[in-house]
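Raw start-v2.cif, mmCIF, C-alpha atoms:
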data_my_file
#
loop_
_atom_site.label_atom_id
_atom_site.label_comp_id
_atom_site.auth_asym_id
_atom_site.auth_seq_id
_atom_site.Cartn_x
_atom_site.Cartn_y
_atom_site.Cartn_z
CA MET A 14 12.99 -41.89 -4.64
CA SER A 15 12.32 -38.16 -4.47
CA ALA A 16 8.76 -36.91 -4.33
CA THR A 17 7.05 -35.53 -7.41
CA ILE A 18 6.46 -31.82 -6.88
CA TYR A 19 4.33 -29.29 -8.70
CA ALA A 20 3.67 -25.53 -8.62
CA LEU A 21 2.69 -22.51 -10.65
CA SER A 22 5.98 -21.39 -12.26
CA SER A 23 4.71 -18.20 -13.87
CA GLY A 24 3.66 -15.09 -11.98
CA ALA A 25 0.66 -15.13 -9.66
CA GLY A 26 -2.50 -13.23 -10.60
CA ARG A 27 -4.49 -12.89 -13.80
CA ALA A 28 -2.57 -13.47 -17.03
CA GLY A 29 -3.13 -14.63 -20.57
CA VAL A 30 -1.02 -17.76 -20.04
CA ALA A 31 0.12 -19.55 -16.91
CA VAL A 32 2.75 -22.29 -16.66
CA VAL A 33 2.31 -25.14 -14.17
CA ARG A 34 5.39 -27.31 -13.73
CA VAL A 35 5.61 -30.87 -12.43
CA SER A 36 8.99 -32.45 -11.61
CA GLY A 37 9.87 -35.91 -10.36
CA PRO A 38 9.49 -39.61 -11.14
CA LEU A 39 5.70 -39.39 -11.61
CA ALA A 40 5.73 -36.32 -13.88
CA GLY A 41 5.06 -38.42 -16.98
CA ASN A 42 2.22 -40.26 -15.26
CA VAL A 43 0.65 -36.93 -14.23
CA LEU A 44 0.80 -35.68 -17.82
CA GLU A 45 -0.83 -38.86 -19.11
CA GLN A 46 -3.60 -38.75 -16.49
CA LEU A 47 -4.50 -35.08 -17.08
CA SER A 48 -4.27 -35.23 -20.87
CA GLY A 49 -5.71 -38.72 -21.37
CA GLU A 50 -3.01 -39.39 -23.97
CA ALA A 51 0.41 -40.98 -24.21
CA LEU A 52 3.43 -38.80 -23.59
CA PRO A 53 4.19 -36.36 -26.44
CA PRO A 54 7.60 -36.23 -28.16
CA PRO A 55 10.20 -34.63 -25.87
CA ARG A 56 10.49 -30.83 -25.90
CA MET A 57 7.61 -30.38 -28.38
CA ALA A 58 4.45 -28.45 -27.45
CA ARG A 59 1.20 -30.36 -28.00
CA LEU A 60 -2.43 -29.27 -27.75
CA CYS A 61 -3.79 -30.65 -24.51
CA ARG A 62 -7.31 -30.90 -23.08
CA VAL A 63 -6.75 -30.96 -19.34
CA ARG A 64 -9.21 -33.08 -17.35
CA SER A 65 -9.59 -34.03 -13.71
CA PRO A 66 -8.26 -37.58 -13.15
CA LYS A 67 -10.97 -38.14 -10.53
CA THR A 68 -14.13 -36.92 -12.24
CA GLY A 69 -13.04 -36.57 -15.87
CA GLU A 70 -14.30 -32.96 -15.82
CA PHE A 71 -12.85 -30.78 -18.60
CA LEU A 72 -10.78 -28.06 -16.92
CA ASP A 73 -9.03 -26.15 -19.69
CA GLU A 74 -7.44 -26.39 -23.11
CA GLY A 75 -3.80 -25.42 -23.53
CA LEU A 76 -0.39 -26.83 -24.37
CA SER A 77 1.66 -29.54 -22.71
CA VAL A 78 5.43 -30.05 -22.95
CA TRP A 79 7.40 -33.12 -21.87
CA PHE A 80 11.05 -32.85 -20.71
CA PRO A 81 12.46 -36.29 -19.82
CA GLY A 82 15.38 -36.26 -17.42
CA PRO A 83 18.24 -35.69 -17.25
CA GLY A 84 17.81 -33.18 -20.08
CA SER A 85 15.58 -30.85 -18.09
CA PHE A 86 15.90 -27.86 -15.77
CA THR A 87 15.91 -30.00 -12.61
CA GLY A 88 17.58 -33.04 -14.14
CA GLU A 89 14.40 -35.01 -13.40
CA ASP A 90 11.39 -35.77 -15.59
CA ILE A 91 9.39 -32.57 -16.02
CA ALA A 92 5.90 -31.98 -17.41
CA GLU A 93 4.57 -28.50 -18.08
CA PHE A 94 1.01 -27.33 -18.66
CA HIS A 95 0.61 -23.99 -20.44
CA ILE A 96 -2.93 -23.01 -19.58
CA HIS A 97 -5.10 -19.89 -19.34
CA GLY A 98 -3.95 -17.66 -16.51
CA GLY A 99 -7.17 -17.11 -14.60
CA PRO A 100 -6.98 -17.88 -10.87
CA ALA A 101 -9.86 -20.39 -11.05
CA VAL A 102 -8.24 -22.29 -13.93
CA ILE A 103 -4.88 -22.43 -12.17
CA SER A 104 -6.46 -23.59 -8.92
CA ALA A 105 -8.41 -26.36 -10.69
CA VAL A 106 -5.34 -27.67 -12.54
CA LEU A 107 -3.19 -27.64 -9.38
CA GLN A 108 -5.93 -29.53 -7.52
CA ALA A 109 -6.11 -32.09 -10.34
CA ILE A 110 -2.35 -32.69 -10.16
CA GLY A 111 -2.65 -33.18 -6.41
CA GLU A 112 -5.20 -35.94 -7.08
CA CYS A 113 -2.73 -37.96 -9.17
CA GLY A 114 -1.17 -39.89 -6.31
CA GLU A 115 2.14 -39.26 -4.59
CA THR A 116 2.55 -35.62 -5.55
CA ARG A 117 2.86 -32.50 -3.41
CA LEU A 118 3.17 -28.75 -3.81
CA ALA A 119 6.75 -27.55 -4.24
CA GLU A 120 8.42 -25.51 -1.52
CA PRO A 121 9.98 -22.12 -2.38
CA GLY A 122 13.08 -22.68 -4.51
CA GLU A 123 12.67 -26.46 -4.61
CA PHE A 124 12.91 -26.76 -8.41
CA SER A 125 16.21 -24.85 -8.38
CA LYS A 126 17.41 -26.80 -5.35
CA ARG A 127 16.85 -30.05 -7.23
CA ALA A 128 18.69 -28.61 -10.22
CA PHE A 129 21.67 -27.92 -7.95
CA LEU A 130 21.54 -31.36 -6.33
CA ASN A 131 21.45 -32.95 -9.79
CA ASP A 132 24.50 -30.94 -10.96
CA LYS A 133 22.53 -28.77 -13.39
CA MET A 134 23.89 -25.58 -11.79
CA ASP A 135 26.14 -24.49 -8.93
CA LEU A 136 25.09 -22.32 -6.01
CA THR A 137 26.24 -19.07 -7.60
CA ALA A 138 24.21 -19.80 -10.74
CA ALA A 139 21.16 -20.58 -8.58
CA GLU A 140 21.59 -17.27 -6.77
CA GLY A 141 21.99 -15.50 -10.10
CA LEU A 142 18.72 -17.03 -11.24
CA ALA A 143 16.97 -15.68 -8.13
CA ASP A 144 18.47 -12.24 -8.80
CA LEU A 145 17.34 -12.41 -12.42
CA ILE A 146 13.76 -13.01 -11.31
CA ASP A 147 13.98 -10.07 -8.89
CA ALA A 148 15.84 -7.71 -11.28
CA GLU A 149 14.13 -4.32 -11.64
CA THR A 150 16.74 -2.41 -13.67
CA GLU A 151 18.88 -3.11 -16.70
CA ALA A 152 22.11 -3.16 -14.67
CA GLN A 153 20.62 -5.72 -12.28
CA ARG A 154 19.46 -7.84 -15.21
CA ARG A 155 22.91 -7.85 -16.82
CA GLN A 156 24.67 -8.75 -13.59
CA ALA A 157 22.18 -11.51 -12.74
CA ARG A 158 22.30 -12.91 -16.28
CA ARG A 159 26.09 -13.22 -16.13
CA GLN A 160 25.94 -14.99 -12.78
CA ALA A 161 23.06 -17.28 -13.77
CA SER A 162 25.00 -18.31 -16.88
CA GLY A 163 27.82 -19.55 -14.64
CA ALA A 164 30.44 -16.82 -15.09
CA LEU A 165 31.04 -16.29 -11.36
CA GLY A 166 31.05 -20.01 -10.61
CA GLU A 167 33.52 -20.65 -13.42
CA LEU A 168 35.89 -18.04 -11.98
CA TYR A 169 35.87 -19.64 -8.52
CA GLU A 170 36.14 -23.13 -9.97
CA SER A 171 39.18 -22.13 -12.05
CA TRP A 172 40.88 -20.83 -8.91
CA ARG A 173 39.97 -24.00 -7.02
CA GLU A 174 41.45 -26.17 -9.77
CA ARG A 175 44.68 -24.19 -9.68
CA LEU A 176 44.85 -24.67 -5.92
CA MET A 177 44.18 -28.38 -6.36
CA ARG A 178 47.15 -28.72 -8.73
CA ARG A 179 49.44 -26.80 -6.41
CA LEU A 180 48.32 -28.89 -3.45
CA ALA A 181 49.05 -32.07 -5.40
CA TYR A 182 52.59 -30.88 -6.15
CA VAL A 183 53.25 -29.87 -2.53
CA GLU A 184 51.94 -33.21 -1.24
CA ALA A 185 54.10 -35.05 -3.76
CA ALA A 186 57.15 -33.30 -2.36
CA ILE A 187 56.03 -34.26 1.17
CA ASP A 188 55.19 -37.91 0.44
CA PHE A 189 58.15 -38.68 -1.83
CA PRO A 190 61.11 -36.73 -0.42
CA ASP A 191 63.60 -39.27 -1.74
CA GLU A 192 62.26 -39.28 -5.29
CA ASP A 193 63.93 -37.29 -8.00
CA LEU A 194 61.19 -34.69 -8.27
CA PRO A 195 61.76 -31.44 -10.15
CA GLU A 196 63.29 -28.81 -7.87
CA SER A 197 60.87 -26.25 -9.25
CA ILE A 198 57.77 -27.88 -7.72
CA LEU A 199 57.72 -25.77 -4.54
CA SER A 200 58.98 -22.60 -6.23
CA ASP A 201 56.32 -22.90 -8.95
CA SER A 202 53.70 -23.41 -6.28
CA GLN A 203 54.84 -20.27 -4.50
CA SER A 204 54.66 -18.31 -7.76
CA ASP A 205 51.13 -19.52 -8.49
CA ILE A 206 50.03 -18.80 -4.93
CA LEU A 207 51.30 -15.22 -5.33
CA GLY A 208 49.35 -14.89 -8.58
CA LEU A 209 46.17 -16.19 -6.97
CA GLU A 210 46.69 -13.84 -4.05
CA ARG A 211 46.85 -10.86 -6.40
CA GLU A 212 43.73 -11.97 -8.30
CA LEU A 213 41.73 -12.57 -5.13
CA THR A 214 42.82 -9.25 -3.66
CA GLN A 215 41.66 -7.44 -6.77
CA HIS A 216 38.42 -9.43 -6.77
CA LEU A 217 37.67 -8.41 -3.18
CA ASP A 218 38.75 -4.80 -3.65
CA ASP A 219 35.74 -3.92 -5.83
CA GLY A 220 33.95 -1.35 -3.69
CA LYS A 221 31.17 -3.92 -3.15
CA LEU A 222 29.94 -3.21 -6.67
CA GLY A 223 27.87 -6.37 -6.98
CA GLU A 224 26.16 -5.95 -3.62
CA ARG A 225 25.38 -2.31 -4.45
CA LEU A 226 23.70 -3.29 -7.71
CA ARG A 227 21.62 -5.94 -5.95
CA SER A 228 20.42 -3.75 -3.07
CA GLY A 229 20.50 -0.28 -4.63
CA ILE A 230 22.94 2.63 -4.69
CA ASP A 231 22.29 4.97 -1.76
CA VAL A 232 21.97 8.65 -2.71
CA ALA A 233 21.43 10.90 0.33
CA ILE A 234 19.94 14.37 -0.12
CA LEU A 235 21.29 16.65 2.62
CA GLY A 236 21.14 20.32 3.46
CA PRO A 237 19.62 22.99 5.71
CA PRO A 238 15.85 23.35 6.22
CA ASN A 239 13.77 24.81 3.38
CA ALA A 240 16.53 24.49 0.79
CA GLY A 241 14.31 22.29 -1.41
CA LYS A 242 15.50 18.78 -0.54
CA SER A 243 12.04 17.22 -0.58
CA SER A 244 11.15 19.06 -3.79
CA LEU A 245 14.31 17.74 -5.45
CA LEU A 246 13.52 14.17 -4.33
CA ASN A 247 10.02 14.48 -5.81
CA ALA A 248 11.47 15.82 -9.07
CA LEU A 249 13.95 12.93 -9.31
CA ALA A 250 11.34 10.33 -8.38
CA GLY A 251 8.73 11.77 -10.72
CA ARG A 252 6.04 11.75 -8.03
CA ASP A 253 5.09 13.36 -4.71
CA ALA A 254 6.95 10.98 -2.45
CA ALA A 255 7.82 13.55 0.22
CA ILE A 256 5.75 16.31 1.80
CA VAL A 257 6.83 19.78 0.70
CA SER A 258 6.19 22.69 3.07
CA GLU A 259 7.56 26.17 3.73
CA MET A 260 7.63 25.29 7.44
CA ALA A 261 11.14 24.43 8.54
CA GLY A 262 11.61 20.94 10.00
CA THR A 263 8.77 19.25 8.12
CA THR A 264 10.93 16.21 7.29
CA ARG A 265 11.70 14.43 10.57
CA ASP A 266 12.79 10.97 9.40
CA VAL A 267 14.67 9.55 6.43
CA ILE A 268 12.33 9.04 3.47
CA GLU A 269 13.54 6.42 0.96
CA VAL A 270 12.41 6.12 -2.65
CA ARG A 271 13.64 3.37 -4.97
CA MET A 272 14.01 4.31 -8.62
CA ASP A 273 15.63 3.30 -11.88
CA LEU A 274 18.26 5.88 -12.80
CA ALA A 275 19.80 5.29 -16.23
CA GLY A 276 19.27 1.56 -15.79
CA PHE A 277 20.81 1.41 -12.30
CA PRO A 278 18.94 0.80 -9.02
CA VAL A 279 19.09 3.91 -6.82
CA VAL A 280 17.69 4.51 -3.34
CA LEU A 281 17.03 8.25 -2.92
CA MET A 282 17.00 9.40 0.70
CA ASP A 283 15.37 12.66 1.75
CA THR A 284 16.64 13.71 5.17
CA ALA A 285 15.80 16.18 7.90
CA GLY A 286 17.15 19.70 7.49
CA LEU A 287 20.51 20.07 9.23
CA ARG A 288 20.51 22.79 11.87
CA ASP A 289 20.90 23.17 15.64
CA ALA A 290 17.71 21.77 17.18
CA GLU A 291 16.79 21.13 20.79
CA GLU A 292 13.35 19.59 20.18
CA GLY A 293 13.54 15.81 20.63
CA ILE A 294 11.97 14.46 17.42
CA GLU A 295 13.69 16.94 15.11
CA ALA A 296 17.03 16.40 16.86
CA GLU A 297 16.70 12.66 16.31
CA GLY A 298 15.84 13.25 12.64
CA ILE A 299 18.97 15.37 12.25
CA ARG A 300 21.07 12.67 13.91
CA ARG A 301 19.70 10.10 11.47
CA ALA A 302 20.31 12.45 8.54
CA ARG A 303 23.97 12.85 9.47
CA ALA A 304 24.35 9.10 9.95
CA ARG A 305 22.83 8.28 6.55
CA GLY A 306 24.93 10.96 4.92
CA LYS A 307 28.10 9.34 6.24
CA THR A 308 27.22 5.89 4.87
CA ALA A 309 25.65 6.98 1.55
CA ASP A 310 27.39 6.09 -1.69
CA ILE A 311 26.67 9.54 -3.15
CA ARG A 312 25.61 12.72 -1.34
CA VAL A 313 23.61 15.58 -2.83
CA VAL A 314 23.96 18.75 -0.75
CA VAL A 315 21.07 21.13 -1.47
CA LEU A 316 21.54 24.80 -0.59
CA ASP A 317 19.24 27.79 -0.91
CA GLY A 318 20.53 29.75 -3.89
CA SER A 319 18.22 32.69 -3.23
CA SER A 320 20.39 33.78 -0.30
CA ALA A 321 22.93 36.52 -0.84
CA GLY A 322 25.69 34.05 -0.03
CA VAL A 323 25.60 30.49 1.24
CA GLY A 324 28.40 28.37 2.57
CA GLY A 325 29.51 25.21 0.88
CA GLU A 326 28.67 23.50 4.17
CA SER A 327 31.67 21.27 4.60
CA LEU A 328 29.90 19.72 7.60
CA TYR A 329 27.73 17.75 5.16
CA GLY A 330 30.78 15.95 3.82
CA VAL A 331 32.08 16.77 0.34
CA GLY A 332 33.45 13.35 -0.55
CA SER A 333 31.45 11.75 -3.39
CA SER A 334 29.01 14.63 -3.35
CA PHE A 335 27.20 17.07 -5.59
CA THR A 336 26.27 20.56 -4.49
CA VAL A 337 22.90 21.77 -5.75
CA LEU A 338 22.14 25.50 -5.58
CA ASN A 339 18.34 25.55 -5.63
CA LYS A 340 15.90 28.48 -6.10
CA ILE A 341 18.03 30.32 -8.63
CA ASP A 342 14.80 31.75 -10.04
CA LEU A 343 14.69 33.93 -6.90
CA GLY A 344 18.15 35.45 -7.41
CA GLY A 345 21.31 35.18 -5.33
CA ARG A 346 23.40 32.38 -6.86
CA LYS A 347 26.51 33.00 -4.74
CA ILE A 348 28.41 30.29 -2.92
CA SER A 349 31.57 30.11 -0.85
CA GLY A 350 33.52 27.22 0.54
CA PRO A 351 33.69 23.59 -0.67
CA VAL A 352 31.15 22.63 -3.30
CA GLY A 353 31.58 18.86 -3.55
CA ASP A 354 33.95 16.86 -5.71
CA LEU A 355 31.22 16.00 -8.25
CA GLY A 356 30.39 19.59 -9.08
CA LEU A 357 28.08 22.55 -8.47
CA PHE A 358 24.66 22.67 -10.13
CA PRO A 359 22.53 25.85 -9.99
CA LEU A 360 18.89 24.97 -10.65
CA SER A 361 15.28 25.68 -9.81
CA VAL A 362 13.11 22.74 -8.90
CA ARG A 363 10.04 25.01 -9.18
CA THR A 364 10.66 26.05 -12.79
CA GLY A 365 12.67 23.02 -13.87
CA GLU A 366 15.66 25.12 -14.98
CA GLY A 367 18.89 23.14 -14.61
CA VAL A 368 17.18 20.01 -13.26
CA GLY A 369 17.80 18.02 -16.44
CA ALA A 370 21.52 18.84 -16.39
CA PHE A 371 21.78 17.71 -12.78
CA ILE A 372 19.94 14.43 -13.46
CA SER A 373 22.29 13.77 -16.39
CA ALA A 374 25.34 14.40 -14.19
CA LEU A 375 24.00 12.18 -11.41
CA SER A 376 23.22 9.43 -13.91
CA GLU A 377 26.70 9.63 -15.39
CA ALA A 378 28.30 9.47 -11.94
CA VAL A 379 26.30 6.35 -11.09
CA ARG A 380 27.08 4.75 -14.44
CA THR A 381 30.81 5.51 -14.23
CA ARG A 382 31.15 4.22 -10.69
CA TYR A 383 28.92 1.15 -10.78
CA ASP A 384 29.14 -0.24 -14.30
CA GLY A 385 31.30 -3.30 -13.74
CA GLY A 386 31.42 -4.32 -17.40
CA ASP A 387 31.42 -8.04 -18.14
CA ALA A 388 33.65 -9.15 -15.27
CA PRO A 389 31.96 -11.46 -12.71
CA VAL A 390 31.67 -9.71 -9.35
CA ILE A 391 30.81 -10.65 -5.78
CA THR A 392 27.08 -10.26 -5.21
CA ARG A 393 26.51 -11.65 -1.72
CA ALA A 394 28.05 -11.40 1.73
CA ARG A 395 28.65 -15.16 1.83
CA HIS A 396 30.75 -14.94 -1.36
CA ARG A 397 32.85 -12.16 0.15
CA GLU A 398 33.31 -13.94 3.46
CA SER A 399 34.49 -17.17 1.83
CA ALA A 400 36.73 -15.38 -0.70
CA ALA A 401 38.34 -13.42 2.14
CA GLU A 402 38.85 -16.66 4.07
CA CYS A 403 40.51 -18.17 0.99
CA LEU A 404 42.81 -15.16 0.68
CA GLU A 405 43.90 -15.39 4.32
CA ALA A 406 44.68 -19.09 3.89
CA LEU A 407 46.74 -18.34 0.79
CA ARG A 408 48.73 -15.73 2.66
CA ARG A 409 49.48 -18.23 5.41
CA ALA A 410 50.49 -20.86 2.86
CA LYS A 411 52.86 -18.38 1.21
CA VAL A 412 54.92 -17.93 4.38
CA ALA A 413 54.46 -21.41 5.88
CA ALA A 414 57.62 -22.71 7.53
CA LEU A 415 56.97 -26.31 6.49
CA PRO A 416 55.45 -27.88 3.36
CA GLU A 417 52.96 -29.72 5.60
CA LEU A 418 51.64 -26.41 6.92
CA ALA A 419 51.43 -24.96 3.43
CA ALA A 420 49.48 -28.02 2.27
CA GLU A 421 46.93 -27.64 5.08
CA ASP A 422 46.39 -23.96 4.28
CA LEU A 423 45.92 -24.78 0.61
CA ARG A 424 43.24 -27.30 1.60
CA LEU A 425 41.49 -24.63 3.66
CA ALA A 426 41.68 -22.20 0.75
CA MET A 427 40.15 -24.79 -1.59
CA ARG A 428 37.39 -25.54 0.90
CA ALA A 429 36.53 -21.84 1.23
CA LEU A 430 36.15 -21.48 -2.54
CA GLY A 431 34.20 -24.73 -2.71
CA ARG A 432 31.62 -23.39 -0.25
CA ILE A 433 30.81 -20.55 -2.65
CA THR A 434 29.93 -22.83 -5.56
CA GLY A 435 28.68 -25.78 -3.52
CA ALA A 436 31.65 -28.10 -4.00
CA PHE A 437 32.25 -28.56 -0.25
CA ASP A 438 30.32 -28.43 3.03
CA VAL A 439 27.10 -27.03 1.61
CA GLU A 440 24.32 -28.86 3.48
CA ASP A 441 24.00 -26.05 6.02
CA LEU A 442 23.89 -23.47 3.23
CA LEU A 443 21.13 -24.92 1.06
CA ASP A 444 18.19 -23.63 3.08
CA ILE A 445 19.77 -20.16 3.24
CA VAL A 446 20.40 -20.02 -0.50
CA PHE A 447 17.00 -21.28 -1.65
CA ARG A 448 14.60 -19.99 1.01
CA ASP A 449 14.07 -16.62 -0.69
CA PHE A 450 13.13 -18.11 -4.07
CA CYS A 451 9.55 -17.76 -5.21
CA ILE A 452 7.23 -20.78 -5.24
CA GLY A 453 7.55 -22.58 -8.57
CA LYS A 454 11.24 -21.81 -9.11
#

Go ahead and render the structure in this file as structure tokens.
Amino acid sequence: MSATIYALSSGAGRAGVAVVRVSGPLAGNVLEQLSGEALPPPRMARLCRVRSPKTGEFLDEGLSVWFPGPGSFTGEDIAEFHIHGGPAVISAVLQAIGECGETRLAEPGEFSKRAFLNDKMDLTAAEGLADLIDAETEAQRRQARRQASGALGELYESWRERLMRRLAYVEAAIDFPDEDLPESILSDSQSDILGLERELTQHLDDGKLGERLRSGIDVAILGPPNAGKSSLLNALAGRDAAIVSEMAGTTRDVIEVRMDLAGFPVVLMDTAGLRDAEEGIEAEGIRRARARGKTADIRVVVLDGSSAGVGGESLYGVGSSFTVLNKIDLGGRKISGPVGDLGLFPLSVRTGEGVGAFISALSEAVRTRYDGGDAPVITRARHRESAAECLEALRRAKVAALPELAAEDLRLAMRALGRITGAFDVEDLLDIVFRDFCIGK
């Protein structure tokens, strides 16, 4: 029999209402001991005077809800106490639950882990739930909501079922060679394998959209010293995140600022001014700036527009880049050479002229590139690794010299997909999947 666990399931800190959850075989007994009453009707909130089972001391007045298993989040009996959210109240109620017998505090992610073990969700849905809790932008919320609702798991399960049917047909041809089986069994299997190969290839060739939305879209701000890179970062972030100085070489390291840009998570990176430098610290900063510029999803090249003529600076890399011509309030406004495939934007960070137009263009570029619509996408490295393993097995099965070899590769492909959702070989994955959950979920 599994232990009865309990934890604060709402956010830590002061709040108007806090939710304490109890799950396991003794959840009903805990509710009866703390309320002093028989269990309420299932899934109906009831006024509850919470008392210590040891001393009978009145702790708080709130609501209690009873969710008998298996019709609960974890699939087990669950009791919830909706109490006042002061730290002292929460602490007293948790202590009272701990006095009820064989109960213990839940480990991080243990409620969701039990839900998975009781077939209430697959691993992708559990990961989507964790992402939903951590979502900071609208795009992250939408993606996590789709995954938590089972869309990604359903896609992988549909592919696994197709592979299972094809494997059954191939094994029938192997086991019953003398039977009058349809001649189309192997040819149909080949056709379906080709279709799955195309779908998996397209699924993997997504520019890592899902991972980008989870971790943030990298936008590197590059350019020569004193062009206004730090000032532009501050303007985009809406706060003084970087030091601004007329002294060249002030920025020595990469400064990162996370922000919500048009509902998408963006990591702005202010970098050291690019120039020839012999001094050790500045030279290292320039090396890091070039390295981050190469790996960034979008580059913003900032040039000093007050100069009589400034180069487009192809050394910054023009792929997926904007060129910003800053300080137009000081005159100049001439540019030669490449300007970046996403356009040229004259502006003045000091006066604000043109900044709004640039922010709109940057927002639109992010939205166009990273809005995946309603299609389920890969969100974690383990998904991508297993999907790629499945694809390789399918490609081997397609050209297998013998039906027996094709059957084995189909089994490997099925197993790879099963690891994503938790259908196969998942014991070693459970701690990895659930360890980053918050306590109480």

Self-check item: Polymer residues at most 7 Å from segment 147-162 of chain A, all atoms listed in the file, same-chain spacing of 2 or more positions, as JSON, numbers by chain
Solution: {"A": [137, 138, 139, 141, 142, 143, 144, 145, 164, 165, 226, 227, 273, 276, 277, 278, 389]}

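Proximity to Phe371 of chain A was assessed for A:Ala20, A:Leu338, A:Ala285, A:Ala128 counting all atoms listed in the file; the smallest distance is recorded for A:Leu338.
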
Quiz item: What residues have an atom no more than 12 Å from (36.2, -22.2, -1.0) in the file's own frame, counting all atoms listed in the file, and can you write them as a ChimeraX atom specification?
Solution: /A:166,168-174,176-177,213,395-407,422-439

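Computed from the coordinates, the atom CA of Ile187 of chain A to atom CA of Asp205 of chain A distance equals 18.3 Å.
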
Each residue of segment 58-140 of chain A lying at most 10 Å from segment 43-49 of chain A should get a row with its shortest atom-to-atom pair and the distance in Å to one decimal, counting only C-alpha atoms; could you produce that, ordered by chain and increasing number, as a tab-separated table?
residue	atom	partner	partner_atom	distance
A:Leu60	CA	A:Ser48	CA	9.3
A:Cys61	CA	A:Ser48	CA	5.9
A:Arg62	CA	A:Ser48	CA	5.7
A:Val63	CA	A:Ser48	CA	5.2
A:Arg64	CA	A:Leu47	CA	5.1
A:Ser65	CA	A:Leu47	CA	6.2
A:Pro66	CA	A:Gln46	CA	5.9
A:Lys67	CA	A:Gln46	CA	9.5
A:Gly69	CA	A:Leu47	CA	8.8
A:Phe71	CA	A:Leu47	CA	9.5
A:Leu72	CA	A:Leu47	CA	9.4
A:Glu74	CA	A:Ser48	CA	9.7
A:Leu76	CA	A:Ser48	CA	9.9
A:Ser77	CA	A:Leu44	CA	7.9
A:Val78	CA	A:Leu44	CA	8.9
A:Trp79	CA	A:Leu44	CA	8.2
A:Ile91	CA	A:Leu44	CA	9.3
A:Ala92	CA	A:Leu44	CA	6.3
A:Glu93	CA	A:Leu44	CA	8.1
A:Phe94	CA	A:Leu44	CA	8.4
A:Val106	CA	A:Leu47	CA	8.7
A:Ala109	CA	A:Leu47	CA	7.5
A:Ile110	CA	A:Val43	CA	6.6
A:Gly111	CA	A:Val43	CA	9.3
A:Glu112	CA	A:Val43	CA	9.3
A:Cys113	CA	A:Val43	CA	6.2
A:Gly114	CA	A:Val43	CA	8.6
A:Thr116	CA	A:Val43	CA	9.0

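Put simply, atom CA of Arg305 of chain A is 12.6 Å away from atom CA of Ile230 of chain A.
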
Report as lines of an AutoDock Vina configuration file the centre and the edge lengths, in Å to one decimal, of the axis-aligned box holding every listed atom of segment 104-110 of chain A, padded by 3 Å on each side.
center_x = -5.4
center_y = -28.1
center_z = -10.0
size_x = 12.1
size_y = 15.1
size_z = 11.0

To verify the selection step, state as a CSV table (one decimal) with C-alpha atoms, in the frame of the given file which residues the PyMOL selection byres ((chain A and resi 355) around 6) yields on this input.
chain,number,residue,atom,x,y,z
A,334,SER,CA,29.0,14.6,-3.4
A,335,PHE,CA,27.2,17.1,-5.6
A,353,GLY,CA,31.6,18.9,-3.6
A,354,ASP,CA,34.0,16.9,-5.7
A,356,GLY,CA,30.4,19.6,-9.1

Quiz item: Rounded to one decimal in Å, what is the spacing between atom CA of Ile268 of chain A and atom CA of Asp283 of chain A?
Solution: 5.0 Å

Quiz item: Could you spell out the hits of the PyMOL selection byres ((chain A and resi 19) around 8) on the shown file, as a PyMOL selection string?
Solution: chain A and resi 17-18+20-21+33-36+107+110+116-119+453

Self-check item: Protein and nucleic acid residues near (20.7, -28.3, -14.9) (cut-off 7 Å, all atoms listed in the file) as number ranges by chain
Solution: A: 85-88, 128, 131-134

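Among A:Lys340, A:Lys307, A:Lys221, A:Arg211, the residue with the shortest atom-to-atom distance to Lys242 of chain A, counting only C-alpha atoms, is A:Lys340.
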
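Of the residues listed (A:Ser15, A:Asp219, A:Ala181, A:Ala413), A:Ser15 shows the shortest atom-to-atom separation from Arg127 of chain A; distances use all atoms listed in the file.
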
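Of the listed residues (A:Leu360, A:Ala186, A:Leu316, A:Glu224), A:Leu360 comes nearest to Ala248 of chain A; the distances count all atoms listed in the file.
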
Quiz prompt | Answer key for the PyMOL selection byres ((chain A and resi 220) around 12), residues as a PyMOL selection string | solution = chain A and resi 214-219+221-226+230+310+382-385+390-392+397

Any chance you can output those residues with C-alpha atoms as a short mmCIF file (atom, residue, chain, number, x, y, z; two decimals), keeping the file's coordinate frame?
data_model
loop_
_atom_site.label_atom_id
_atom_site.label_comp_id
_atom_site.auth_asym_id
_atom_site.auth_seq_id
_atom_site.Cartn_x
_atom_site.Cartn_y
_atom_site.Cartn_z
CA THR A 214 42.82 -9.25 -3.66
CA GLN A 215 41.66 -7.44 -6.77
CA HIS A 216 38.42 -9.43 -6.77
CA LEU A 217 37.67 -8.41 -3.18
CA ASP A 218 38.75 -4.80 -3.65
CA ASP A 219 35.74 -3.92 -5.83
CA LYS A 221 31.17 -3.92 -3.15
CA LEU A 222 29.94 -3.21 -6.67
CA GLY A 223 27.87 -6.37 -6.98
CA GLU A 224 26.16 -5.95 -3.62
CA ARG A 225 25.38 -2.31 -4.45
CA LEU A 226 23.70 -3.29 -7.71
CA ILE A 230 22.94 2.63 -4.69
CA ASP A 310 27.39 6.09 -1.69
CA ARG A 382 31.15 4.22 -10.69
CA TYR A 383 28.92 1.15 -10.78
CA ASP A 384 29.14 -0.24 -14.30
CA GLY A 385 31.30 -3.30 -13.74
CA VAL A 390 31.67 -9.71 -9.35
CA ILE A 391 30.81 -10.65 -5.78
CA THR A 392 27.08 -10.26 -5.21
CA ARG A 397 32.85 -12.16 0.15
#
